[in-house]
>>> print(open('run29.csv').read())   # CSV, C-alpha atoms and all ligand atoms
chain,number,residue,atom,x,y,z
A,53,MET,CA,109.3,98.8,117.6
A,54,ALA,CA,112.1,100.3,115.7
A,55,VAL,CA,115.6,99.5,116.7
A,56,ASP,CA,117.8,102.4,117.8
A,57,PHE,CA,120.8,101.8,115.7
A,58,LYS,CA,122.9,104.3,117.7
A,59,GLU,CA,122.3,102.2,120.8
A,60,LEU,CA,122.9,99.0,118.8
A,61,GLU,CA,126.2,100.3,117.6
A,62,LYS,CA,127.2,101.1,121.2
A,63,ARG,CA,126.3,97.6,122.4
A,64,ILE,CA,128.0,95.8,119.5
A,65,ARG,CA,131.2,97.9,119.7
A,66,GLU,CA,131.3,97.2,123.4
A,67,LYS,CA,131.0,93.5,122.8
A,68,LEU,CA,133.4,93.2,119.9
A,69,GLY,CA,135.9,96.0,120.7
A,70,ALA,CA,138.5,96.5,118.0
A,71,ASP,CA,136.9,93.8,115.8
A,72,VAL,CA,134.5,96.5,114.4
A,73,LEU,CA,136.5,98.4,111.8
A,74,ASP,CA,133.7,100.7,110.6
A,75,TRP,CA,130.1,101.4,111.2
A,76,THR,CA,128.1,103.5,108.7
A,77,ASP,CA,124.5,104.6,108.9
A,78,PHE,CA,123.2,105.7,105.5
A,79,ARG,CA,119.6,106.7,105.4
A,80,GLY,CA,118.7,104.3,108.1
A,81,GLN,CA,120.6,101.4,106.6
A,82,ALA,CA,123.2,100.2,109.1
A,83,CYS,CA,126.3,98.6,107.8
A,84,LEU,CA,129.2,97.4,109.7
A,85,LEU,CA,132.7,96.3,108.6
A,86,VAL,CA,134.4,93.8,110.8
A,87,LYS,CA,137.6,91.9,110.8
A,88,ARG,CA,137.5,88.7,108.9
A,89,GLU,CA,138.5,86.6,111.9
A,90,ALA,CA,135.6,88.0,113.9
A,91,ILE,CA,132.8,87.3,111.5
A,92,VAL,CA,131.3,84.4,113.5
A,93,ARG,CA,131.5,86.4,116.8
A,94,THR,CA,129.8,89.4,115.1
A,95,LEU,CA,126.9,87.4,113.6
A,96,LEU,CA,126.4,85.7,117.0
A,97,ALA,CA,126.4,89.0,118.8
A,98,LEU,CA,123.8,90.4,116.3
A,99,ARG,CA,121.6,87.3,116.6
A,100,GLU,CA,121.7,87.4,120.4
A,101,ASP,CA,121.2,91.1,120.6
A,102,ALA,CA,118.4,91.8,123.0
A,103,GLU,CA,116.7,94.5,120.9
A,104,GLY,CA,117.7,93.8,117.3
A,105,ARG,CA,117.4,90.0,117.4
A,106,PHE,CA,118.7,89.5,113.9
A,107,ASP,CA,117.5,86.0,113.7
A,108,MET,CA,117.1,85.6,109.9
A,109,PHE,CA,119.9,85.2,107.5
A,110,THR,CA,118.5,87.0,104.4
A,111,ASP,CA,121.3,86.8,102.0
A,112,LEU,CA,125.0,86.4,101.4
A,113,THR,CA,126.9,88.0,98.6
A,114,CYS,CA,130.3,88.9,97.6
A,115,LEU,CA,132.1,91.8,95.8
A,116,ASP,CA,135.1,91.4,93.7
A,117,THR,CA,136.9,94.7,93.8
A,118,LEU,CA,139.4,93.8,91.0
A,119,ARG,CA,139.6,97.0,88.9
A,120,ALA,CA,136.7,98.5,90.8
A,121,PRO,CA,136.5,102.2,91.3
A,122,ASP,CA,138.7,103.3,94.2
A,123,GLU,CA,135.9,104.0,96.6
A,124,LEU,CA,134.8,100.4,96.5
A,125,ILE,CA,138.2,98.9,97.2
A,126,PRO,CA,138.7,98.2,100.9
A,127,LYS,CA,141.2,100.5,102.5
A,128,SER,CA,143.1,97.5,103.8
A,129,GLY,CA,143.6,96.3,100.2
A,130,GLU,CA,141.8,93.0,100.2
A,131,ARG,CA,140.2,91.9,96.9
A,132,PHE,CA,136.9,90.4,98.1
A,133,VAL,CA,134.2,91.8,100.3
A,134,VAL,CA,131.8,89.3,101.7
A,135,VAL,CA,128.4,90.9,102.6
A,136,TYR,CA,125.9,89.3,105.0
A,137,HIS,CA,122.3,90.6,105.1
A,138,LEU,CA,120.5,90.0,108.3
A,139,THR,CA,116.9,90.6,109.3
A,140,GLY,CA,115.2,90.6,112.7
A,141,THR,CA,111.9,89.0,112.3
A,142,GLU,CA,110.5,90.7,115.4
A,143,SER,CA,112.2,94.0,115.3
A,144,LYS,CA,111.8,94.2,111.5
A,145,ALA,CA,115.2,95.7,111.4
A,146,ARG,CA,117.8,95.0,108.8
A,147,ILE,CA,121.6,95.2,108.9
A,148,ARG,CA,124.5,94.5,106.6
A,149,VAL,CA,127.8,93.0,107.8
A,150,LYS,CA,130.8,93.2,105.7
A,151,ALA,CA,134.2,91.4,106.0
A,152,CYS,CA,137.1,91.7,103.7
A,153,VAL,CA,138.7,88.6,102.3
A,154,PRO,CA,142.2,88.7,100.7
A,155,GLU,CA,143.0,87.1,97.4
A,156,GLU,CA,145.4,84.5,98.9
A,157,PRO,CA,144.0,82.6,100.7
A,158,PRO,CA,140.4,83.5,100.0
A,159,GLU,CA,139.1,82.1,103.2
A,160,ILE,CA,136.6,83.1,105.9
A,161,ASP,CA,134.9,81.1,108.7
A,162,THR,CA,131.6,79.6,107.9
A,163,ALA,CA,128.4,81.2,109.3
A,164,THR,CA,126.5,77.8,109.2
A,165,GLY,CA,127.2,77.4,112.9
A,166,VAL,CA,125.2,80.6,113.6
A,167,TYR,CA,122.6,80.4,110.8
A,168,LEU,CA,121.8,77.1,109.2
A,169,GLY,CA,120.3,79.0,106.3
A,170,ALA,CA,123.8,80.1,105.3
A,171,ASN,CA,124.6,76.7,103.9
A,172,TRP,CA,123.5,77.1,100.3
A,173,ALA,CA,124.3,80.8,100.2
A,174,GLU,CA,127.9,80.1,101.1
A,175,ARG,CA,128.0,77.4,98.5
A,176,GLU,CA,126.9,79.9,95.9
A,177,VAL,CA,129.5,82.4,96.9
A,178,PHE,CA,132.1,79.7,96.8
A,179,ASP,CA,130.9,78.6,93.4
A,180,MET,CA,130.8,82.1,91.9
A,181,PHE,CA,133.8,83.8,93.6
A,182,GLY,CA,135.9,80.9,95.0
A,183,VAL,CA,135.7,82.2,98.5
A,184,VAL,CA,136.3,79.2,100.8
A,185,PHE,CA,134.2,79.0,103.9
A,186,LYS,CA,136.2,77.2,106.5
A,187,GLY,CA,134.2,74.6,108.5
A,188,HIS,CA,131.3,74.5,106.0
A,189,PRO,CA,129.7,71.0,106.2
A,190,ASP,CA,129.4,70.5,102.4
A,191,LEU,CA,131.2,73.1,100.4
A,192,ARG,CA,130.4,71.9,96.8
A,193,ARG,CA,129.4,73.9,93.7
A,194,ILE,CA,125.7,74.7,93.7
A,195,LEU,CA,125.1,76.3,90.3
A,196,MET,CA,127.8,75.3,88.0
A,197,PRO,CA,128.4,71.6,87.0
A,198,GLU,CA,130.6,69.8,89.5
A,199,ALA,CA,133.4,69.4,87.0
A,200,TYR,CA,133.5,73.1,86.2
A,201,GLU,CA,136.8,74.9,86.6
A,202,GLY,CA,137.0,78.4,87.8
A,203,HIS,CA,134.7,80.9,89.4
A,204,PRO,CA,132.8,82.8,86.8
A,205,LEU,CA,131.8,85.9,88.7
A,206,ARG,CA,135.4,86.9,89.4
A,207,LYS,CA,136.2,90.0,87.4
A,208,ASP,CA,139.2,88.3,85.7
A,209,TYR,CA,137.0,85.5,84.4
A,210,PRO,CA,136.2,86.0,80.7
A,211,LEU,CA,132.5,86.5,80.1
A,212,LYS,CA,132.4,83.9,77.4
A,213,GLY,CA,134.2,81.4,79.6
A,214,ARG,CA,137.3,79.5,78.6
A,215,GLY,CA,135.5,77.1,76.2
A,216,GLU,CA,133.8,75.0,78.9
A,217,ARG,CA,130.5,75.2,77.0
A,218,ASP,CA,132.1,73.7,73.9
A,219,ASN,CA,133.6,70.8,75.7
A,220,PHE,CA,130.6,68.6,75.7
A,221,PRO,CA,130.1,65.1,74.2
A,222,LYS,CA,128.6,66.2,71.0
A,223,TYR,CA,125.8,64.8,68.8
A,224,THR,CA,127.7,63.3,65.9
A,225,GLU,CA,125.9,61.9,63.0
A,226,ILE,CA,126.8,58.5,61.8
A,227,PRO,CA,126.4,58.3,58.0
A,228,GLU,CA,123.8,55.8,56.9
A,229,ALA,CA,125.3,52.6,55.7
B,287,MET,CA,79.3,53.5,60.0
B,288,SER,CA,82.0,51.8,62.0
B,289,GLU,CA,83.8,51.0,58.8
B,290,THR,CA,83.8,54.6,57.5
B,291,ALA,CA,85.7,55.9,60.5
B,292,ASN,CA,88.9,54.1,59.4
B,293,GLN,CA,89.0,55.1,55.8
B,294,GLY,CA,91.7,57.7,56.2
B,295,ALA,CA,90.4,60.3,53.7
B,296,PRO,CA,87.8,63.0,54.2
B,297,LEU,CA,84.6,62.5,52.3
B,298,ALA,CA,82.9,65.2,50.4
B,299,GLN,CA,79.9,66.7,52.2
B,300,GLY,CA,77.4,65.0,50.0
B,301,ASP,CA,79.1,61.6,50.3
B,302,LYS,CA,78.3,61.1,53.9
B,303,SER,CA,75.6,58.7,53.2
B,304,GLY,CA,76.3,56.4,56.1
B,305,SER,CA,77.1,53.5,53.9
B,306,GLY,CA,80.7,52.2,53.7
B,307,GLY,CA,83.1,53.1,51.0
B,308,PHE,CA,86.8,52.4,50.5
B,309,ILE,CA,90.0,54.0,49.5
B,310,THR,CA,93.4,52.7,48.6
B,311,THR,CA,96.6,53.9,50.1
B,312,LYS,CA,100.0,52.8,51.2
B,313,ILE,CA,100.5,51.7,54.7
B,314,GLU,CA,103.3,54.2,55.3
B,315,GLU,CA,101.1,57.0,54.2
B,316,LEU,CA,98.4,55.9,56.4
B,317,VAL,CA,100.7,55.7,59.3
B,318,ASN,CA,102.2,59.2,58.5
B,319,TRP,CA,98.7,60.5,58.3
B,320,GLY,CA,98.1,59.3,61.8
B,321,ARG,CA,101.4,60.6,63.1
B,322,ARG,CA,101.0,64.1,61.7
B,323,ASN,CA,97.5,64.5,63.0
B,324,ALA,CA,98.3,63.4,66.5
B,325,LEU,CA,101.6,64.9,67.5
B,326,TRP,CA,102.3,64.6,71.2
B,327,PRO,CA,104.6,67.4,72.2
B,328,MET,CA,107.2,67.1,75.0
B,329,PRO,CA,107.5,70.6,76.3
B,330,PHE,CA,111.0,71.5,77.4
B,331,GLY,CA,110.3,75.0,78.6
B,332,THR,CA,113.1,76.5,80.5
B,333,ALA,CA,112.6,80.2,80.1
B,334,CYS,CA,110.5,83.0,78.8
B,335,CYS,CA,109.8,81.3,75.5
B,336,ALA,CA,107.8,78.7,77.4
B,337,ILE,CA,105.3,81.4,78.2
B,338,GLU,CA,104.6,81.8,74.5
B,339,MET,CA,104.4,78.0,74.2
B,340,MET,CA,101.8,77.9,77.0
B,341,ALA,CA,99.8,80.6,75.2
B,342,THR,CA,100.0,78.5,72.0
B,343,LEU,CA,98.6,75.5,73.8
B,344,SER,CA,95.8,77.3,75.6
B,345,SER,CA,92.5,78.4,74.3
B,346,ARG,CA,93.4,81.6,72.4
B,347,TYR,CA,95.7,80.0,69.9
B,348,ASP,CA,94.6,76.4,70.6
B,349,LEU,CA,97.2,74.1,69.2
B,350,SER,CA,94.7,71.3,69.5
B,351,ARG,CA,93.2,72.5,66.3
B,352,PHE,CA,96.2,70.7,64.7
B,353,GLY,CA,96.0,67.7,66.9
B,354,ALA,CA,99.0,68.6,69.0
B,355,GLU,CA,97.4,69.5,72.3
B,356,VAL,CA,98.2,66.4,74.3
B,357,ILE,CA,101.2,67.7,76.2
B,358,ARG,CA,103.1,64.9,77.7
B,359,PHE,CA,105.6,65.4,80.5
B,360,SER,CA,106.8,61.9,80.0
B,361,PRO,CA,109.2,61.6,77.1
B,362,ARG,CA,108.2,57.9,76.7
B,363,GLN,CA,104.8,59.1,75.4
B,364,SER,CA,105.8,61.9,73.2
B,365,ASP,CA,107.1,62.4,69.7
B,366,LEU,CA,107.7,66.1,69.3
B,367,MET,CA,110.2,67.9,71.5
B,368,ILE,CA,109.8,71.6,71.8
B,369,VAL,CA,112.9,73.2,73.3
B,370,SER,CA,111.7,76.6,74.4
B,371,GLY,CA,114.2,78.6,76.4
B,372,ARG,CA,117.8,78.9,77.4
B,373,ILE,CA,119.7,75.7,77.9
B,374,SER,CA,122.7,75.9,80.2
B,375,ILE,CA,125.6,73.5,80.0
B,376,LYS,CA,124.3,71.9,83.2
B,377,MET,CA,120.8,71.5,81.7
B,378,MET,CA,122.0,70.1,78.4
B,379,PRO,CA,122.8,66.5,79.7
B,380,VAL,CA,119.2,66.4,81.0
B,381,LEU,CA,117.8,67.5,77.7
B,382,ILE,CA,119.9,64.9,75.8
B,383,GLU,CA,118.8,62.2,78.3
B,384,ILE,CA,115.1,63.1,77.8
B,385,TYR,CA,115.5,63.3,74.0
B,386,ASN,CA,117.1,59.9,74.0
B,387,GLN,CA,114.2,58.5,76.0
B,388,MET,CA,111.7,59.6,73.4
B,389,PRO,CA,110.7,56.7,71.2
B,390,GLU,CA,111.3,56.9,67.5
B,391,PRO,CA,110.1,58.5,65.3
B,392,LYS,CA,110.6,61.8,66.9
B,393,TRP,CA,110.9,65.4,65.8
B,394,CYS,CA,112.4,68.5,67.5
B,395,ILE,CA,111.5,72.2,67.4
B,396,SER,CA,114.1,74.6,68.6
B,397,MET,CA,112.0,77.6,69.7
B,398,GLY,CA,113.5,81.1,70.0
B,399,ALA,CA,116.8,82.7,69.6
B,400,CYS,CA,118.2,81.1,72.8
B,401,ALA,CA,117.5,77.5,72.0
B,402,SER,CA,118.6,78.0,68.4
B,403,SER,CA,121.8,80.0,68.9
B,404,GLY,CA,122.3,81.1,72.5
B,405,GLY,CA,120.6,84.4,71.7
B,406,VAL,CA,121.9,87.4,73.5
B,407,PHE,CA,123.4,85.1,76.2
B,408,ASP,CA,126.9,84.6,74.8
B,409,THR,CA,128.2,83.7,78.2
B,410,TYR,CA,130.2,81.1,80.0
B,411,THR,CA,127.2,79.0,81.0
B,412,LEU,CA,124.9,78.9,78.0
B,413,VAL,CA,124.8,76.3,75.2
B,414,GLN,CA,125.1,78.2,71.9
B,415,GLY,CA,122.4,76.3,70.1
B,416,VAL,CA,120.9,72.9,71.1
B,417,ASP,CA,121.5,71.6,67.6
B,418,GLN,CA,125.1,71.0,68.7
B,419,PHE,CA,123.8,68.1,70.7
B,420,ILE,CA,120.5,66.9,69.4
B,421,PRO,CA,119.1,66.9,65.8
B,422,VAL,CA,116.7,69.8,65.2
B,423,ASP,CA,114.0,69.8,62.5
B,424,VAL,CA,112.6,73.3,62.7
B,425,TYR,CA,114.1,76.5,64.1
B,426,ILE,CA,111.9,79.3,65.1
B,427,PRO,CA,113.4,82.8,65.1
B,428,GLY,CA,112.3,85.5,67.5
B,429,CYS,CA,112.7,86.5,71.1
B,430,PRO,CA,110.2,85.3,72.0
B,431,PRO,CA,108.5,84.0,68.8
B,432,ARG,CA,104.8,84.7,68.6
B,433,PRO,CA,102.4,81.8,69.1
B,434,GLU,CA,101.7,82.0,65.3
B,435,SER,CA,105.4,81.1,64.7
B,436,LEU,CA,105.1,78.1,66.9
B,437,ILE,CA,102.0,77.0,65.1
B,438,ASP,CA,103.8,77.5,61.8
B,439,ALA,CA,106.6,75.3,63.0
B,440,VAL,CA,104.2,72.6,63.9
B,441,MET,CA,102.7,72.9,60.4
B,442,LEU,CA,106.2,72.5,58.9
B,443,ILE,CA,106.7,69.4,61.0
B,444,ARG,CA,103.4,68.1,59.7
B,445,ASP,CA,104.5,68.8,56.2
B,446,LYS,CA,107.8,67.0,56.9
B,447,ILE,CA,105.9,63.9,58.2
B,448,LYS,CA,103.6,64.0,55.3
B,449,ARG,CA,106.5,63.9,52.9
B,450,GLY,CA,107.9,61.0,54.9
B,451,GLU,CA,111.2,62.8,55.5
B,452,ARG,CA,113.2,61.4,58.2
B,453,GLN,CA,116.4,62.9,59.6
B,454,ASN,CA,119.4,60.8,60.1
B,455,ARG,CA,118.7,59.7,63.6
B,456,LEU,CA,121.8,57.5,64.0
B,457,TYR,CA,123.8,59.5,66.3
B,458,ASP,CA,126.7,58.5,68.5
B,459,ARG,CA,125.3,57.3,71.8
B,460,THR,CA,128.5,55.8,73.1
B,461,LYS,CA,129.2,58.9,75.1
B,462,HIS,CA,126.8,59.3,77.9
B,463,PRO,CA,125.7,62.9,78.2
B,464,LEU,CA,125.9,62.8,82.0
B,465,ASP,CA,129.6,61.9,81.7
B,466,PHE,CA,130.1,65.6,81.0
B,467,GLN,CA,133.7,66.6,81.8
B,468,PRO,CA,134.8,70.0,80.7
B,469,VAL,CA,138.4,70.0,79.8
B,470,ASN,CA,140.6,71.3,82.5
B,471,LEU,CA,141.3,74.6,80.9
B,472,VAL,CA,142.6,76.5,83.8
B,473,SER,CA,145.7,74.3,84.4
B,474,ASP,CA,146.3,74.2,80.7
B,475,ALA,CA,148.9,76.9,80.6
B,476,ALA,CA,149.9,76.2,77.0
B,477,SER,CA,146.5,77.3,75.7
B,478,GLY,CA,147.4,80.9,76.8
B,479,ALA,CA,144.2,81.2,78.8
B,480,PRO,CA,144.4,83.8,81.5
B,481,THR,CA,145.0,82.2,84.9
B,482,LEU,CA,142.5,82.5,87.7
B,483,THR,CA,144.6,84.1,90.3
B,484,GLY,CA,145.5,87.4,88.7
B,485,THR,CA,146.1,90.2,91.2
B,486,ARG,CA,144.5,93.5,90.9
B,487,HIS,CA,147.5,95.1,89.3
B,488,SER,CA,149.1,92.2,87.4
B,489,LEU,CA,146.4,91.9,84.8
B,490,PRO,CA,146.3,94.0,81.7
B,491,ASN,CA,143.2,96.1,81.6
B,492,LYS,CA,141.8,94.9,78.3
B,493,ASP,CA,140.9,91.6,79.9
B,494,ALA,CA,138.4,93.3,82.0
B,495,THR,CA,135.8,93.5,79.3
B,496,GLU,CA,136.5,90.3,77.6
C,1,LIG,S1,114.7,83.6,72.9
C,1,LIG,FE1,114.1,85.4,74.1
C,1,LIG,S2,112.1,84.8,74.9
C,1,LIG,FE2,113.0,82.9,74.2
C,1,LIG,S3,114.1,82.1,76.0
C,1,LIG,FE3,115.6,83.4,74.9
C,1,LIG,S4,115.4,85.4,75.9
C,1,LIG,FE4,113.6,84.2,76.5
>>> encode(input="run29.csv", output="structure tokens", more="lines below")
Ligand code: SF4
Amino acid sequence: MAVDFKELEKRIREKLGADVLDWTDFRGQACLLVKREAIVRTLLALREDAEGRFDMFTDLTCLDTLRAPDELIPKSGERFVVVYHLTGTESKARIRVKACVPEEPPEIDTATGVYLGANWAEREVFDMFGVVFKGHPDLRRILMPEAYEGHPLRKDYPLKGRGERDNFPKYTEIPEA
Amino acid sequence: MSETANQGAPLAQGDKSGSGGFITTKIEELVNWGRRNALWPMPFGTACCAIEMMATLSSRYDLSRFGAEVIRFSPRQSDLMIVSGRISIKMMPVLIEIYNQMPEPKWCISMGACASSGGVFDTYTLVQGVDQFIPVDVYIPGCPPRPESLIDAVMLIRDKIKRGERQNRLYDRTKHPLDFQPVNLVSDAASGAPTLTGTRHSLPNKDATE
């Protein structure tokens, strides 16, 4: 049973009102842009939607628009765009939800209250982009070592790092007596 | 018959009479003969090179022809570490820990471009050559090296054992590898490193590619 995205858009817009900033439908791929403050409300509305039932948190990623082509930069001027991918396991429908996060402070509410599976995904985005998920139960680095400084997927982070990989206790030979 | 099995040198075809003979040797040479014919590798396969290592160990290339087929996933029972694959800075302490757990004498093969030099991954997260942290006996070039190259490396290790060569194994263990603390480079303004919180317009464009 395919989801009628036109109807879905109507229902979601009705529920969230001005929180929905944009809704695009490109080749059957629905994508909505919402206000940062409304992200939890939006995810909840999509999960509870009678037809779509977006009950699976597929993925979470982030986009750093620093020096990006103009068409990628949000009109409101924020630097980061956090992208949520949702799937309805019954309706087989997929949807993307975007929210813009400014550079200072790079904060957005956690989705772990709505989807438990968001836990590690949010840790990864925090690790790589430094976006802080407010209310996350355990926001630690997940890929890089705990002591690592910086967020390597930010576009102003040098590809070779800042020398972290060389700052290791090294194997040093002791000359034989 | 039971005596002949321990003599340590192959008999010529015609000499296998079934009666005992004897040879003379030095105890060290006898031990090295045993070591080189029964290497127990510790596979440290972290990436694509490990697939070639598996091919080397399995029937087509059959590393057991050279006595090195008993793959041990316990470092306590192995004496040849094969580092095959990319090692990230988060993985390196684990590798050092495992290497330190292997009993002496031990040898190490650095297999492939990544383990030997970082390969094409000159990035923030990858160790640029495991020999910065553990002693390496044989490097294998290639991405990935063919199984023949790995067999060649094992043969070189065997030669090395035969010659009784030993690397200087006395390395500084006072620093525990898991104490890894990268220097706080971000707050080190004096180093001239770019700061994390540049704005879209405040950074010069040349930084974008670096
Ligand atoms: S050297 Fe090549 S094959 Fe080996 S781990 Fe690196 S990328 Fe993979």
>>> residues_near_ligand(input="run29.csv", ligand="ligand LIG 1 (chain C)", cutoff="9 Å", atoms="only C-alpha atoms and all ligand atoms", output="VMD selection string")
chain B and resid 331 to 338 370 to 373 397 to 407 427 to 431
>>> atom_distance(input="run29.csv", atom1="CA of Gly320 (chain B)", atom2="CA of Arg449 (chain B)")
13.1 Å
>>> atom_distance(input="run29.csv", atom1="CA of Lys150 (chain A)", atom2="CA of Val135 (chain A)")
4.5 Å
>>> residues_near_point(input="run29.csv", point="(115.9, 93.9, 112.4)", cutoff="9 Å", atoms="only C-alpha atoms", output="PDB file with C-alpha atoms, in the coordinates of the input")
ATOM      1  CA  ALA A  54     112.100 100.300 115.700  1.00  0.00           C
ATOM      2  CA  VAL A  55     115.600  99.500 116.700  1.00  0.00           C
ATOM      3  CA  GLU A 103     116.700  94.500 120.900  1.00  0.00           C
ATOM      4  CA  GLY A 104     117.700  93.800 117.300  1.00  0.00           C
ATOM      5  CA  ARG A 105     117.400  90.000 117.400  1.00  0.00           C
ATOM      6  CA  PHE A 106     118.700  89.500 113.900  1.00  0.00           C
ATOM      7  CA  ASP A 107     117.500  86.000 113.700  1.00  0.00           C
ATOM      8  CA  MET A 108     117.100  85.600 109.900  1.00  0.00           C
ATOM      9  CA  LEU A 138     120.500  90.000 108.300  1.00  0.00           C
ATOM     10  CA  THR A 139     116.900  90.600 109.300  1.00  0.00           C
ATOM     11  CA  GLY A 140     115.200  90.600 112.700  1.00  0.00           C
ATOM     12  CA  THR A 141     111.900  89.000 112.300  1.00  0.00           C
ATOM     13  CA  GLU A 142     110.500  90.700 115.400  1.00  0.00           C
ATOM     14  CA  SER A 143     112.200  94.000 115.300  1.00  0.00           C
ATOM     15  CA  LYS A 144     111.800  94.200 111.500  1.00  0.00           C
ATOM     16  CA  ALA A 145     115.200  95.700 111.400  1.00  0.00           C
ATOM     17  CA  ARG A 146     117.800  95.000 108.800  1.00  0.00           C
ATOM     18  CA  ILE A 147     121.600  95.200 108.900  1.00  0.00           C
TER      19      ILE A 147
END
>>> atom_distance(input="run29.csv", atom1="CA of Glu123 (chain A)", atom2="CA of Asp56 (chain A)")
27.9 Å
>>> residues_near_point(input="run29.csv", point="(126.2, 92.6, 116.2)", cutoff="8 Å", atoms="only C-alpha atoms", output="ChimeraX atom specification")
/A:60-61,63-64,94-99,101
>>> write_last_selection(input="run29.csv", atoms="C-alpha atoms", output="PDB file, in the frame of the given file")
ATOM      1  CA  LEU A  60     122.900  99.000 118.800  1.00  0.00           C
ATOM      2  CA  GLU A  61     126.200 100.300 117.600  1.00  0.00           C
ATOM      3  CA  ARG A  63     126.300  97.600 122.400  1.00  0.00           C
ATOM      4  CA  ILE A  64     128.000  95.800 119.500  1.00  0.00           C
ATOM      5  CA  THR A  94     129.800  89.400 115.100  1.00  0.00           C
ATOM      6  CA  LEU A  95     126.900  87.400 113.600  1.00  0.00           C
ATOM      7  CA  LEU A  96     126.400  85.700 117.000  1.00  0.00           C
ATOM      8  CA  ALA A  97     126.400  89.000 118.800  1.00  0.00           C
ATOM      9  CA  LEU A  98     123.800  90.400 116.300  1.00  0.00           C
ATOM     10  CA  ARG A  99     121.600  87.300 116.600  1.00  0.00           C
ATOM     11  CA  ASP A 101     121.200  91.100 120.600  1.00  0.00           C
TER      12      ASP A 101
END
>>> residues_around(input="run29.csv", residues="Asn171 (chain A)", least_positions_apart="3", cutoff="10 Å", atoms="all atoms listed in the file", output="VMD selection string")
chain A and resid 162 to 165 167 to 168 174 to 176 185 188 to 191
>>> residues_around(input="run29.csv", residues="Met441 (chain B)", least_positions_apart="6", cutoff="10 Å", atoms="all atoms listed in the file", output="number ranges by chain")
B: 322, 352, 435, 447
>>> closest_residue(input="run29.csv", among="A:Ile125, A:Ala173, A:Leu211, A:Leu68", to="chain B", atoms="all atoms listed in the file")
A:Leu211
>>> residues_around(input="run29.csv", residues="Ser396 (chain B)", least_positions_apart="4", cutoff="8 Å", atoms="only C-alpha atoms", output="PDB file with C-alpha atoms, keeping the file's coordinate frame")
ATOM      1  CA  ILE B 368     109.800  71.600  71.800  1.00  0.00           C
ATOM      2  CA  VAL B 369     112.900  73.200  73.300  1.00  0.00           C
ATOM      3  CA  SER B 370     111.700  76.600  74.400  1.00  0.00           C
ATOM      4  CA  ALA B 401     117.500  77.500  72.000  1.00  0.00           C
ATOM      5  CA  SER B 402     118.600  78.000  68.400  1.00  0.00           C
ATOM      6  CA  VAL B 416     120.900  72.900  71.100  1.00  0.00           C
ATOM      7  CA  VAL B 422     116.700  69.800  65.200  1.00  0.00           C
ATOM      8  CA  ASP B 423     114.000  69.800  62.500  1.00  0.00           C
ATOM      9  CA  VAL B 424     112.600  73.300  62.700  1.00  0.00           C
ATOM     10  CA  TYR B 425     114.100  76.500  64.100  1.00  0.00           C
ATOM     11  CA  ILE B 426     111.900  79.300  65.100  1.00  0.00           C
TER      12      ILE B 426
END
>>> residues_around(input="run29.csv", residues="region 80-91 of chain A", least_positions_apart="4", cutoff="7 Å", atoms="all atoms listed in the file", output="list in words")
Asp71, Val72, Leu73, Asp74, Trp75, Thr76, Leu95, Ile147, Arg148, Val149, Lys150, Ala151, Cys152, Val153 and Ile160 of chain A
>>> residues_around(input="run29.csv", residues="Val440 (chain B)", least_positions_apart="2", cutoff="9 Å", atoms="all atoms listed in the file", output="PyMOL selection string")
chain B and resi 325+349+352+354+395+424+435-438+442-445
>>> closest_residue(input="run29.csv", among="B:Pro361, B:Gly450, B:Pro421, B:Gly307", to="chain A", atoms="all atoms listed in the file")
B:Pro421
